[in-house]
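Below is one structure; the comments refer to it alone.
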Amino acid sequence: NEEQLYKESVRMEKRKMKLMCKYNNEEQIKDIVISSLDKLKNSLIFRGTRLLFSFQRKLSIYDLNHQGLVSLDHFLNIVQAYTMSLSEKEAQLIFDLFDKDKKGVINYNEFMQTIAGPINPHRQTIIEKVFEYFNKDKNGKVSINEIKVLFNPRGHPDVINGKRSEGEILGEFLDNIESFKEYLENLYGNYENSFSLSDFVSFYNEVGIGIEDDKKFEFMMYNCWNLSNNLANNMNNYGGNKYRNTGSGFRGNNSNNGNLMARAGSEIINNKGF
């Protein structure tokens, strides 16, 4: 009610005044918030993206009315549970930045979009092409079950260069899909077992947080989905021919296909320094 909102706004203003006194001015607070956001982001993707998607899902669990909002207390508890590198004061400053109308709640979807950052046109085009590849009936949806079945961890750059095993990559992918699906269910209420284009773009924008090189991201997308050369040829020469030769031949146990993947992967990884 209005009285509760008023009391909460007073409490928020008092906290802001205390923080202002401690950090002297708003410019200093802004620098601390930016640093704190980077610290939180780095903590969530330190060992892959599983923690990031779990954190996102946790934010949505308290959204019982499907309004896309999370309170200060819940936000602080979740942040402190997921990272030891951020102090409560830093978490409060982050919350204040997103609590624009000072009602004691923030839009967690907007918050996660800020964590992920804007997607560049190169990656956007790649993700859209992959989505179109699966959206054969042109209904604007791709089945989550189909995505789970068709994902091929052998094509991931971290598997090819020996950093991680196929089991690790597959396990992370399946966990991320489930966390993201539950996140969307909590955000929207009733949710079909499928991704829209915007969902798919959001998912892979977050997957790509830990992949700085666009060529590595492109390589991952083509190979993990066993995409044919026909799809790669539609990509306006992103990455050159050596990327296009690493498409649909990697699924199954054929040793020649495995050798082809190893050679193609080694060429890209060695040349790009992955």
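Scheme for the structure tokens: letters A, B, ... for chains in order shown; per-chain residue numbers from 1; ligand numbers from 1 in order shown.
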
List every residue of region 42-226 of chain A that DSSP, applied to the backbone of this structure, places in strand (DSSP E), and write the result as a PyMOL selection string.
-> chain A and resi 69-71+105-107+141-143+194-196

Which residues, written as an NGL selection string, have at least one atom at most 8 Å from region 80-88 of chain A, with only C-alpha atoms counted and residues fewer than 6 positions away on the same chain left out?
-> :A and (36 or 39-40 or 43-44 or 51 or 55)

Excluding region 189-196 of chain A and residues on its chain fewer than 4 positions from it, collect all residues at most 10 Å away from it, counting only C-alpha atoms, and give them as JSON, numbers by chain.
-> {"A": [63, 64, 65, 66, 67, 131, 135, 139, 140, 141, 142, 143, 144, 145, 146, 147, 181, 182, 183, 184, 185, 200, 201, 202, 203]}

Identify, on the basis of only C-alpha atoms, every residue whose closest approach to Cys224 (chain A) does not exceed 9 Å; exclude the query and any residue fewer than 3 positions from it along the same chain; express the result as a ChimeraX atom specification.
-> /A:150-156,219-221,227,247

For Pro157 (chain A), which residue out of A:Ile211, A:Ile127, A:Val105, A:Ile119 is the nearest one, using only C-alpha atoms?
->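 When distances to Pro157 (chain A) are compared using only C-alpha atoms, the smallest one comes from A:Ile211.
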